[in-house]
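Colleague: Hey, dropping final.txt in here, compact mmCIF, N, CA and C atoms:
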# COMPACT_ATOMS: atom_id res chain seq x y z
N MET J 219 -16.44 48.28 -108.57
CA MET J 219 -16.88 48.72 -109.89
C MET J 219 -18.13 47.95 -110.27
N ILE J 220 -19.14 48.65 -110.68
CA ILE J 220 -20.40 48.03 -111.07
C ILE J 220 -20.23 47.45 -112.47
N PRO J 221 -20.59 46.18 -112.67
CA PRO J 221 -20.49 45.59 -114.01
C PRO J 221 -21.33 46.36 -115.01
N ALA J 222 -20.90 46.39 -116.27
CA ALA J 222 -21.60 47.14 -117.32
C ALA J 222 -23.03 46.65 -117.52
N THR J 223 -23.30 45.40 -117.17
CA THR J 223 -24.64 44.85 -117.36
C THR J 223 -25.60 45.26 -116.26
N ARG J 224 -25.11 45.95 -115.25
CA ARG J 224 -25.95 46.34 -114.12
C ARG J 224 -25.73 47.81 -113.81
N THR J 225 -26.81 48.53 -113.51
CA THR J 225 -26.68 49.97 -113.22
C THR J 225 -26.91 50.31 -111.76
N THR J 226 -27.36 49.35 -110.98
CA THR J 226 -27.63 49.60 -109.57
C THR J 226 -26.57 48.92 -108.71
N PRO J 227 -25.84 49.69 -107.91
CA PRO J 227 -24.83 49.07 -107.04
C PRO J 227 -25.49 48.26 -105.92
N ILE J 228 -24.80 47.24 -105.47
CA ILE J 228 -25.29 46.38 -104.39
C ILE J 228 -24.41 46.57 -103.17
N LEU J 229 -25.04 46.89 -102.05
CA LEU J 229 -24.35 47.06 -100.77
C LEU J 229 -24.58 45.82 -99.93
N SER J 230 -23.50 45.14 -99.59
CA SER J 230 -23.58 43.95 -98.75
C SER J 230 -23.88 44.34 -97.31
N TYR J 231 -24.87 43.70 -96.75
CA TYR J 231 -25.26 43.90 -95.36
C TYR J 231 -24.81 42.69 -94.53
N ALA J 232 -23.81 41.96 -95.02
CA ALA J 232 -23.40 40.71 -94.39
C ALA J 232 -22.87 40.89 -92.98
N ALA J 233 -22.23 42.02 -92.70
CA ALA J 233 -21.63 42.23 -91.38
C ALA J 233 -22.52 43.11 -90.52
N LYS J 234 -23.80 42.72 -90.41
CA LYS J 234 -24.73 43.40 -89.51
C LYS J 234 -24.81 42.56 -88.25
N PHE J 235 -24.26 43.11 -87.18
CA PHE J 235 -24.13 42.35 -85.94
C PHE J 235 -25.36 42.50 -85.06
N ALA J 236 -25.71 41.44 -84.37
CA ALA J 236 -26.76 41.49 -83.35
C ALA J 236 -26.23 42.40 -82.25
N SER J 237 -26.93 43.50 -81.99
CA SER J 237 -26.38 44.51 -81.09
C SER J 237 -27.46 45.22 -80.29
N ALA J 238 -27.14 45.51 -79.05
CA ALA J 238 -28.02 46.31 -78.20
C ALA J 238 -27.97 47.78 -78.62
N PHE J 239 -27.02 48.17 -79.45
CA PHE J 239 -26.91 49.55 -79.90
C PHE J 239 -28.02 49.96 -80.86
N TYR J 240 -28.84 49.04 -81.32
CA TYR J 240 -29.97 49.38 -82.18
C TYR J 240 -31.18 49.86 -81.38
N GLY J 241 -31.14 49.75 -80.07
CA GLY J 241 -32.29 50.02 -79.21
C GLY J 241 -33.01 51.32 -79.45
N PRO J 242 -32.33 52.48 -79.48
CA PRO J 242 -33.07 53.73 -79.66
C PRO J 242 -33.87 53.80 -80.97
N PHE J 243 -33.30 53.29 -82.05
CA PHE J 243 -34.04 53.29 -83.32
C PHE J 243 -35.25 52.38 -83.23
N ARG J 244 -35.05 51.19 -82.70
CA ARG J 244 -36.17 50.26 -82.59
C ARG J 244 -37.29 50.83 -81.72
N GLU J 245 -36.91 51.53 -80.67
CA GLU J 245 -37.90 52.16 -79.79
C GLU J 245 -38.64 53.26 -80.54
N ALA J 246 -37.91 54.11 -81.25
CA ALA J 246 -38.53 55.22 -81.98
C ALA J 246 -39.42 54.72 -83.12
N ALA J 247 -38.99 53.65 -83.77
CA ALA J 247 -39.75 53.10 -84.89
C ALA J 247 -40.78 52.07 -84.45
N ASP J 248 -40.85 51.84 -83.16
CA ASP J 248 -41.75 50.82 -82.61
C ASP J 248 -41.55 49.49 -83.33
N SER J 249 -40.25 49.12 -83.49
CA SER J 249 -39.95 47.90 -84.23
C SER J 249 -39.22 46.85 -83.40
N ALA J 250 -39.29 46.98 -82.09
CA ALA J 250 -38.69 45.95 -81.23
C ALA J 250 -39.45 44.65 -81.45
N PRO J 251 -38.75 43.52 -81.46
CA PRO J 251 -39.45 42.25 -81.66
C PRO J 251 -40.52 42.02 -80.59
N ALA J 252 -41.65 41.50 -80.99
CA ALA J 252 -42.73 41.21 -80.05
C ALA J 252 -42.33 40.07 -79.11
N PHE J 253 -41.47 39.19 -79.60
CA PHE J 253 -40.95 38.09 -78.78
C PHE J 253 -39.59 37.72 -79.34
N GLY J 254 -38.76 37.11 -78.52
CA GLY J 254 -37.43 36.71 -78.97
C GLY J 254 -36.57 37.91 -79.31
N ASP J 255 -35.63 37.69 -80.19
CA ASP J 255 -34.78 38.78 -80.66
C ASP J 255 -34.28 38.46 -82.06
N ARG J 256 -33.42 39.33 -82.56
CA ARG J 256 -32.95 39.17 -83.94
C ARG J 256 -31.61 38.45 -84.04
N ARG J 257 -31.14 37.91 -82.93
CA ARG J 257 -29.84 37.25 -82.95
C ARG J 257 -29.83 35.99 -83.81
N THR J 258 -31.00 35.48 -84.16
CA THR J 258 -31.02 34.27 -84.98
C THR J 258 -30.59 34.54 -86.42
N TYR J 259 -30.69 35.79 -86.88
CA TYR J 259 -30.29 36.07 -88.26
C TYR J 259 -29.31 37.23 -88.39
N GLN J 260 -28.88 37.81 -87.27
CA GLN J 260 -27.82 38.81 -87.32
C GLN J 260 -26.53 38.18 -86.81
N MET J 261 -25.42 38.76 -87.20
CA MET J 261 -24.09 38.22 -86.94
C MET J 261 -23.76 38.19 -85.44
N ASP J 262 -23.10 37.12 -85.02
CA ASP J 262 -22.60 36.98 -83.65
C ASP J 262 -21.41 37.92 -83.48
N GLY J 263 -21.51 38.85 -82.56
CA GLY J 263 -20.46 39.84 -82.35
C GLY J 263 -19.13 39.28 -81.91
N ALA J 264 -19.11 38.06 -81.45
CA ALA J 264 -17.86 37.45 -81.00
C ALA J 264 -17.12 36.71 -82.11
N ASN J 265 -17.66 36.69 -83.32
CA ASN J 265 -17.11 35.83 -84.36
C ASN J 265 -16.63 36.63 -85.57
N LEU J 266 -15.42 37.14 -85.49
CA LEU J 266 -14.81 37.91 -86.58
C LEU J 266 -14.63 37.06 -87.83
N ARG J 267 -14.21 35.81 -87.68
CA ARG J 267 -13.97 34.97 -88.86
C ARG J 267 -15.23 34.74 -89.66
N GLU J 268 -16.36 34.56 -88.97
CA GLU J 268 -17.62 34.38 -89.69
C GLU J 268 -17.97 35.65 -90.48
N ALA J 269 -17.74 36.80 -89.89
CA ALA J 269 -18.01 38.06 -90.58
C ALA J 269 -17.18 38.15 -91.86
N MET J 270 -15.91 37.78 -91.79
CA MET J 270 -15.05 37.83 -92.98
C MET J 270 -15.54 36.85 -94.05
N ARG J 271 -15.97 35.65 -93.63
CA ARG J 271 -16.51 34.68 -94.60
C ARG J 271 -17.78 35.20 -95.26
N GLU J 272 -18.65 35.82 -94.49
CA GLU J 272 -19.91 36.33 -95.04
C GLU J 272 -19.66 37.49 -96.01
N ILE J 273 -18.74 38.37 -95.66
CA ILE J 273 -18.40 39.48 -96.56
C ILE J 273 -17.81 38.93 -97.85
N GLU J 274 -16.88 38.00 -97.72
CA GLU J 274 -16.26 37.40 -98.90
C GLU J 274 -17.30 36.74 -99.80
N SER J 275 -18.22 36.04 -99.20
CA SER J 275 -19.28 35.38 -99.96
C SER J 275 -20.13 36.40 -100.71
N ASP J 276 -20.51 37.48 -100.04
CA ASP J 276 -21.31 38.50 -100.70
C ASP J 276 -20.56 39.14 -101.86
N LEU J 277 -19.27 39.40 -101.69
CA LEU J 277 -18.48 39.97 -102.78
C LEU J 277 -18.38 38.99 -103.95
N GLU J 278 -18.19 37.71 -103.65
CA GLU J 278 -18.15 36.70 -104.71
C GLU J 278 -19.48 36.60 -105.45
N GLU J 279 -20.57 36.89 -104.74
CA GLU J 279 -21.90 36.83 -105.35
C GLU J 279 -22.27 38.13 -106.06
N GLY J 280 -21.38 39.13 -106.06
CA GLY J 280 -21.61 40.33 -106.85
C GLY J 280 -21.81 41.62 -106.10
N ALA J 281 -21.69 41.63 -104.79
CA ALA J 281 -21.82 42.89 -104.05
C ALA J 281 -20.72 43.85 -104.49
N ASP J 282 -21.06 45.12 -104.59
CA ASP J 282 -20.11 46.14 -105.00
C ASP J 282 -19.46 46.85 -103.82
N MET J 283 -20.18 46.89 -102.69
CA MET J 283 -19.72 47.58 -101.49
C MET J 283 -20.06 46.70 -100.29
N ILE J 284 -19.34 46.94 -99.19
CA ILE J 284 -19.63 46.21 -97.96
C ILE J 284 -19.88 47.20 -96.83
N MET J 285 -20.64 46.75 -95.81
CA MET J 285 -20.93 47.62 -94.68
C MET J 285 -20.82 46.84 -93.38
N VAL J 286 -20.30 47.51 -92.38
CA VAL J 286 -20.24 46.96 -91.03
C VAL J 286 -21.19 47.80 -90.18
N LYS J 287 -22.04 47.10 -89.42
CA LYS J 287 -23.06 47.78 -88.61
C LYS J 287 -23.26 47.00 -87.33
N PRO J 288 -23.18 47.65 -86.16
CA PRO J 288 -22.80 49.04 -85.89
C PRO J 288 -21.30 49.25 -86.04
N ALA J 289 -20.89 50.50 -86.00
CA ALA J 289 -19.50 50.84 -86.29
C ALA J 289 -18.58 50.77 -85.07
N MET J 290 -18.84 51.58 -84.07
CA MET J 290 -17.87 51.76 -82.98
C MET J 290 -17.51 50.48 -82.23
N PRO J 291 -18.47 49.64 -81.86
CA PRO J 291 -18.06 48.43 -81.15
C PRO J 291 -17.40 47.39 -82.06
N TYR J 292 -17.38 47.66 -83.36
CA TYR J 292 -16.81 46.71 -84.32
C TYR J 292 -15.72 47.34 -85.17
N LEU J 293 -14.94 48.26 -84.58
CA LEU J 293 -13.84 48.88 -85.30
C LEU J 293 -12.83 47.84 -85.78
N ASP J 294 -12.65 46.77 -85.00
CA ASP J 294 -11.73 45.72 -85.42
C ASP J 294 -12.22 45.01 -86.67
N VAL J 295 -13.53 44.88 -86.82
CA VAL J 295 -14.10 44.24 -88.02
C VAL J 295 -13.91 45.16 -89.22
N ILE J 296 -14.13 46.46 -89.03
CA ILE J 296 -13.89 47.43 -90.10
C ILE J 296 -12.44 47.34 -90.55
N SER J 297 -11.53 47.32 -89.60
CA SER J 297 -10.11 47.24 -89.91
C SER J 297 -9.75 45.95 -90.64
N ALA J 298 -10.27 44.83 -90.16
CA ALA J 298 -9.98 43.55 -90.80
C ALA J 298 -10.56 43.50 -92.21
N ALA J 299 -11.75 44.04 -92.39
CA ALA J 299 -12.37 44.06 -93.72
C ALA J 299 -11.58 44.95 -94.67
N ARG J 300 -11.13 46.09 -94.16
CA ARG J 300 -10.34 47.01 -95.00
C ARG J 300 -9.05 46.33 -95.45
N GLU J 301 -8.41 45.61 -94.53
CA GLU J 301 -7.16 44.95 -94.84
C GLU J 301 -7.34 43.81 -95.83
N ARG J 302 -8.46 43.13 -95.73
CA ARG J 302 -8.67 41.91 -96.51
C ARG J 302 -9.34 42.14 -97.87
N PHE J 303 -10.24 43.12 -97.96
CA PHE J 303 -11.04 43.28 -99.16
C PHE J 303 -10.80 44.63 -99.83
N ASN J 304 -10.73 44.60 -101.15
CA ASN J 304 -10.54 45.82 -101.93
C ASN J 304 -11.89 46.23 -102.52
N ALA J 305 -12.80 46.61 -101.65
CA ALA J 305 -14.13 47.06 -102.06
C ALA J 305 -14.47 48.27 -101.22
N PRO J 306 -15.29 49.17 -101.74
CA PRO J 306 -15.72 50.29 -100.90
C PRO J 306 -16.34 49.78 -99.60
N LEU J 307 -15.95 50.40 -98.50
CA LEU J 307 -16.34 49.93 -97.17
C LEU J 307 -17.09 51.03 -96.43
N ALA J 308 -18.34 50.73 -96.07
CA ALA J 308 -19.16 51.65 -95.30
C ALA J 308 -19.25 51.16 -93.87
N ALA J 309 -19.44 52.10 -92.96
CA ALA J 309 -19.67 51.77 -91.55
C ALA J 309 -20.86 52.59 -91.08
N TYR J 310 -21.74 51.96 -90.35
CA TYR J 310 -22.97 52.62 -89.89
C TYR J 310 -22.86 52.88 -88.39
N GLN J 311 -22.77 54.15 -88.02
CA GLN J 311 -22.79 54.55 -86.62
C GLN J 311 -24.27 54.64 -86.23
N VAL J 312 -24.76 53.63 -85.54
CA VAL J 312 -26.20 53.46 -85.32
C VAL J 312 -26.73 54.32 -84.18
N SER J 313 -28.04 54.24 -83.99
CA SER J 313 -28.76 55.11 -83.05
C SER J 313 -28.24 55.04 -81.62
N GLY J 314 -27.85 53.87 -81.17
CA GLY J 314 -27.35 53.74 -79.80
C GLY J 314 -26.01 54.43 -79.60
N GLU J 315 -25.16 54.40 -80.61
CA GLU J 315 -23.89 55.10 -80.55
C GLU J 315 -24.14 56.61 -80.48
N TYR J 316 -25.04 57.08 -81.33
CA TYR J 316 -25.42 58.49 -81.36
C TYR J 316 -26.04 58.91 -80.02
N ALA J 317 -27.00 58.13 -79.54
CA ALA J 317 -27.70 58.47 -78.30
C ALA J 317 -26.76 58.49 -77.10
N MET J 318 -25.81 57.58 -77.08
CA MET J 318 -24.86 57.51 -75.98
C MET J 318 -24.04 58.80 -75.91
N ILE J 319 -23.57 59.27 -77.05
CA ILE J 319 -22.78 60.50 -77.08
C ILE J 319 -23.65 61.71 -76.75
N GLN J 320 -24.86 61.75 -77.30
CA GLN J 320 -25.76 62.86 -77.03
C GLN J 320 -26.12 62.94 -75.55
N ALA J 321 -26.41 61.80 -74.93
CA ALA J 321 -26.78 61.79 -73.51
C ALA J 321 -25.61 62.25 -72.64
N ALA J 322 -24.42 61.76 -72.95
CA ALA J 322 -23.24 62.17 -72.17
C ALA J 322 -22.99 63.67 -72.32
N ALA J 323 -23.18 64.20 -73.52
CA ALA J 323 -22.99 65.64 -73.74
C ALA J 323 -24.05 66.43 -73.00
N LYS J 324 -25.29 65.98 -73.08
CA LYS J 324 -26.40 66.68 -72.41
C LYS J 324 -26.17 66.75 -70.90
N ASN J 325 -25.58 65.70 -70.34
CA ASN J 325 -25.30 65.66 -68.90
C ASN J 325 -24.01 66.38 -68.53
N GLY J 326 -23.32 66.91 -69.51
CA GLY J 326 -22.09 67.64 -69.24
C GLY J 326 -20.89 66.76 -68.96
N TRP J 327 -21.00 65.48 -69.27
CA TRP J 327 -19.92 64.54 -68.99
C TRP J 327 -18.82 64.59 -70.04
N VAL J 328 -19.18 64.98 -71.27
CA VAL J 328 -18.21 65.05 -72.36
C VAL J 328 -18.50 66.29 -73.19
N ASP J 329 -17.52 66.72 -73.96
CA ASP J 329 -17.70 67.77 -74.95
C ASP J 329 -18.29 67.07 -76.18
N GLY J 330 -19.58 67.29 -76.43
CA GLY J 330 -20.30 66.58 -77.48
C GLY J 330 -19.67 66.67 -78.86
N GLU J 331 -19.27 67.86 -79.28
CA GLU J 331 -18.68 68.02 -80.61
C GLU J 331 -17.36 67.27 -80.72
N ARG J 332 -16.54 67.39 -79.70
CA ARG J 332 -15.24 66.70 -79.74
C ARG J 332 -15.41 65.18 -79.75
N VAL J 333 -16.31 64.67 -78.92
CA VAL J 333 -16.53 63.22 -78.88
C VAL J 333 -17.14 62.74 -80.19
N MET J 334 -18.06 63.51 -80.75
CA MET J 334 -18.63 63.16 -82.05
C MET J 334 -17.52 63.02 -83.09
N MET J 335 -16.68 64.03 -83.19
CA MET J 335 -15.62 64.00 -84.20
C MET J 335 -14.59 62.91 -83.91
N GLU J 336 -14.29 62.69 -82.64
CA GLU J 336 -13.35 61.63 -82.28
C GLU J 336 -13.91 60.26 -82.68
N SER J 337 -15.21 60.06 -82.44
CA SER J 337 -15.82 58.78 -82.80
C SER J 337 -15.82 58.59 -84.32
N LEU J 338 -16.14 59.64 -85.07
CA LEU J 338 -16.15 59.53 -86.53
C LEU J 338 -14.74 59.32 -87.07
N THR J 339 -13.78 60.01 -86.49
CA THR J 339 -12.39 59.85 -86.91
C THR J 339 -11.90 58.42 -86.66
N SER J 340 -12.31 57.83 -85.53
CA SER J 340 -11.88 56.46 -85.24
C SER J 340 -12.46 55.47 -86.26
N ILE J 341 -13.67 55.71 -86.71
CA ILE J 341 -14.29 54.85 -87.72
C ILE J 341 -13.55 54.99 -89.04
N LYS J 342 -13.24 56.21 -89.42
CA LYS J 342 -12.48 56.46 -90.65
C LYS J 342 -11.09 55.85 -90.54
N ARG J 343 -10.43 56.05 -89.41
CA ARG J 343 -9.09 55.51 -89.21
C ARG J 343 -9.07 53.98 -89.28
N ALA J 344 -10.14 53.35 -88.83
CA ALA J 344 -10.23 51.88 -88.88
C ALA J 344 -10.30 51.39 -90.32
N GLY J 345 -10.73 52.26 -91.25
CA GLY J 345 -10.72 51.87 -92.66
C GLY J 345 -11.98 52.14 -93.44
N ALA J 346 -12.97 52.77 -92.83
CA ALA J 346 -14.22 53.04 -93.55
C ALA J 346 -14.01 54.10 -94.62
N ASP J 347 -14.55 53.85 -95.80
CA ASP J 347 -14.56 54.84 -96.88
C ASP J 347 -15.75 55.78 -96.72
N MET J 348 -16.83 55.24 -96.17
CA MET J 348 -18.08 55.99 -95.98
C MET J 348 -18.58 55.73 -94.58
N ILE J 349 -19.17 56.76 -93.96
CA ILE J 349 -19.76 56.60 -92.64
C ILE J 349 -21.20 57.07 -92.70
N LEU J 350 -22.11 56.19 -92.33
CA LEU J 350 -23.51 56.57 -92.19
C LEU J 350 -23.70 56.89 -90.72
N THR J 351 -24.21 58.10 -90.43
CA THR J 351 -24.32 58.54 -89.05
C THR J 351 -25.45 59.55 -88.87
N TYR J 352 -26.04 59.55 -87.70
CA TYR J 352 -27.03 60.55 -87.34
C TYR J 352 -26.36 61.91 -87.13
N PHE J 353 -25.07 61.93 -87.02
CA PHE J 353 -24.31 63.17 -86.84
C PHE J 353 -23.95 63.84 -88.16
N ALA J 354 -24.43 63.36 -89.29
CA ALA J 354 -23.98 63.83 -90.59
C ALA J 354 -24.04 65.36 -90.74
N LYS J 355 -25.17 65.97 -90.41
CA LYS J 355 -25.29 67.42 -90.58
C LYS J 355 -24.37 68.17 -89.63
N ASP J 356 -24.30 67.72 -88.38
CA ASP J 356 -23.43 68.38 -87.40
C ASP J 356 -21.96 68.26 -87.79
N ALA J 357 -21.56 67.09 -88.24
CA ALA J 357 -20.16 66.89 -88.64
C ALA J 357 -19.85 67.71 -89.89
N ALA J 358 -20.78 67.75 -90.83
CA ALA J 358 -20.56 68.53 -92.06
C ALA J 358 -20.34 70.01 -91.74
N LYS J 359 -21.10 70.54 -90.79
CA LYS J 359 -20.94 71.95 -90.40
C LYS J 359 -19.54 72.19 -89.83
N LEU J 360 -19.07 71.27 -88.99
CA LEU J 360 -17.74 71.43 -88.39
C LEU J 360 -16.63 71.27 -89.41
N LEU J 361 -16.86 70.45 -90.41
CA LEU J 361 -15.83 70.18 -91.41
C LEU J 361 -15.81 71.21 -92.55
N ALA J 362 -16.86 72.03 -92.63
CA ALA J 362 -16.96 73.01 -93.73
C ALA J 362 -15.96 74.14 -93.57
Please re-express this file's structure in structure tokens.
Modeller:
Amino acid sequence: MIPATRTTPILSYAAKFASAFYGPFREAADSAPAFGDRRTYQMDGANLREAMREIESDLEEGADMIMVKPAMPYLDVISAARERFNAPLAAYQVSGEYAMIQAAAKNGWVDGERVMMESLTSIKRAGADMILTYFAKDAAKLLA
């Protein structure tokens, strides 16, 4: 719930993990680091407890919603956050997750629509209230 003194909701980005799944977006946006990487300021994927502390801290500081990014490799984090915190929970299915499914479908290795919906369902089942995904239009058509 947004406090009456504020009209703009705040989305916590505390659980943004250092991930190779960001690669396709970074390539498309030409935003790959010129040197080093972003692991110095993004969350360590092996440390669930740190993620929970960071989310808790952001909520204590006034965040209205929390987000886990990327979604699929961190379903356990989504689940733990859902169990622990009573705040709207978003999950971001990032470009690498999307590209992986699209490539497998293009090669005929999987049924693209079914895998798309299965992946989105798993994110929802883990506890996400909202899912940000490149599949939004395709999923909406199937769900209509």
Colleague: List every residue of chain J that DSSP, applied to the backbone of this structure, assigns to strand (DSSP E or B), and report them as number ranges by chain.
Modeller: J: 229-235, 261, 283-287, 307-311, 348-351
Colleague: Quick one, how far is atom CA of Thr226 of chain J from atom C of Asp282 of chain J?
Modeller: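 We find that atom CA of Thr226 of chain J and atom C of Asp282 of chain J lie 10.4 Å from each other.
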Colleague: Out of J:Leu229, J:Leu350, J:Val328, J:Ile341, which residue has the shortest atom-to-atom distance to Ile296 of chain J when counting all atoms listed in the file?
Modeller: J:Ile341
Colleague: Go through J:Pro288, J:Tyr352, J:Met283, J:Ala346 one by one, measure the shortest atom-to-atom distance of each to Tyr316 of chain J using only C-alpha atoms, and give the residue with the smallest value.
Modeller: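 Once distances to Tyr316 of chain J are computed over only C-alpha atoms, the minimum belongs to J:Tyr352.
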Colleague: Got a sec: who's within 8 Å of segment 274-277 of chain J, counting only N, CA and C atoms, leaving out chain neighbours fewer than 4 positions off, as a ChimeraX atom specification?
Modeller: /J:230-232,268-270,281-284,303
Colleague: Determine the nearest neighbour of Met334 of chain J from the options J:Ile349, J:Ala233, J:Ala357, J:Ala289, counting only N, CA and C atoms.
Modeller: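 Closest residue, counting only N, CA and C atoms: J:Ala357.
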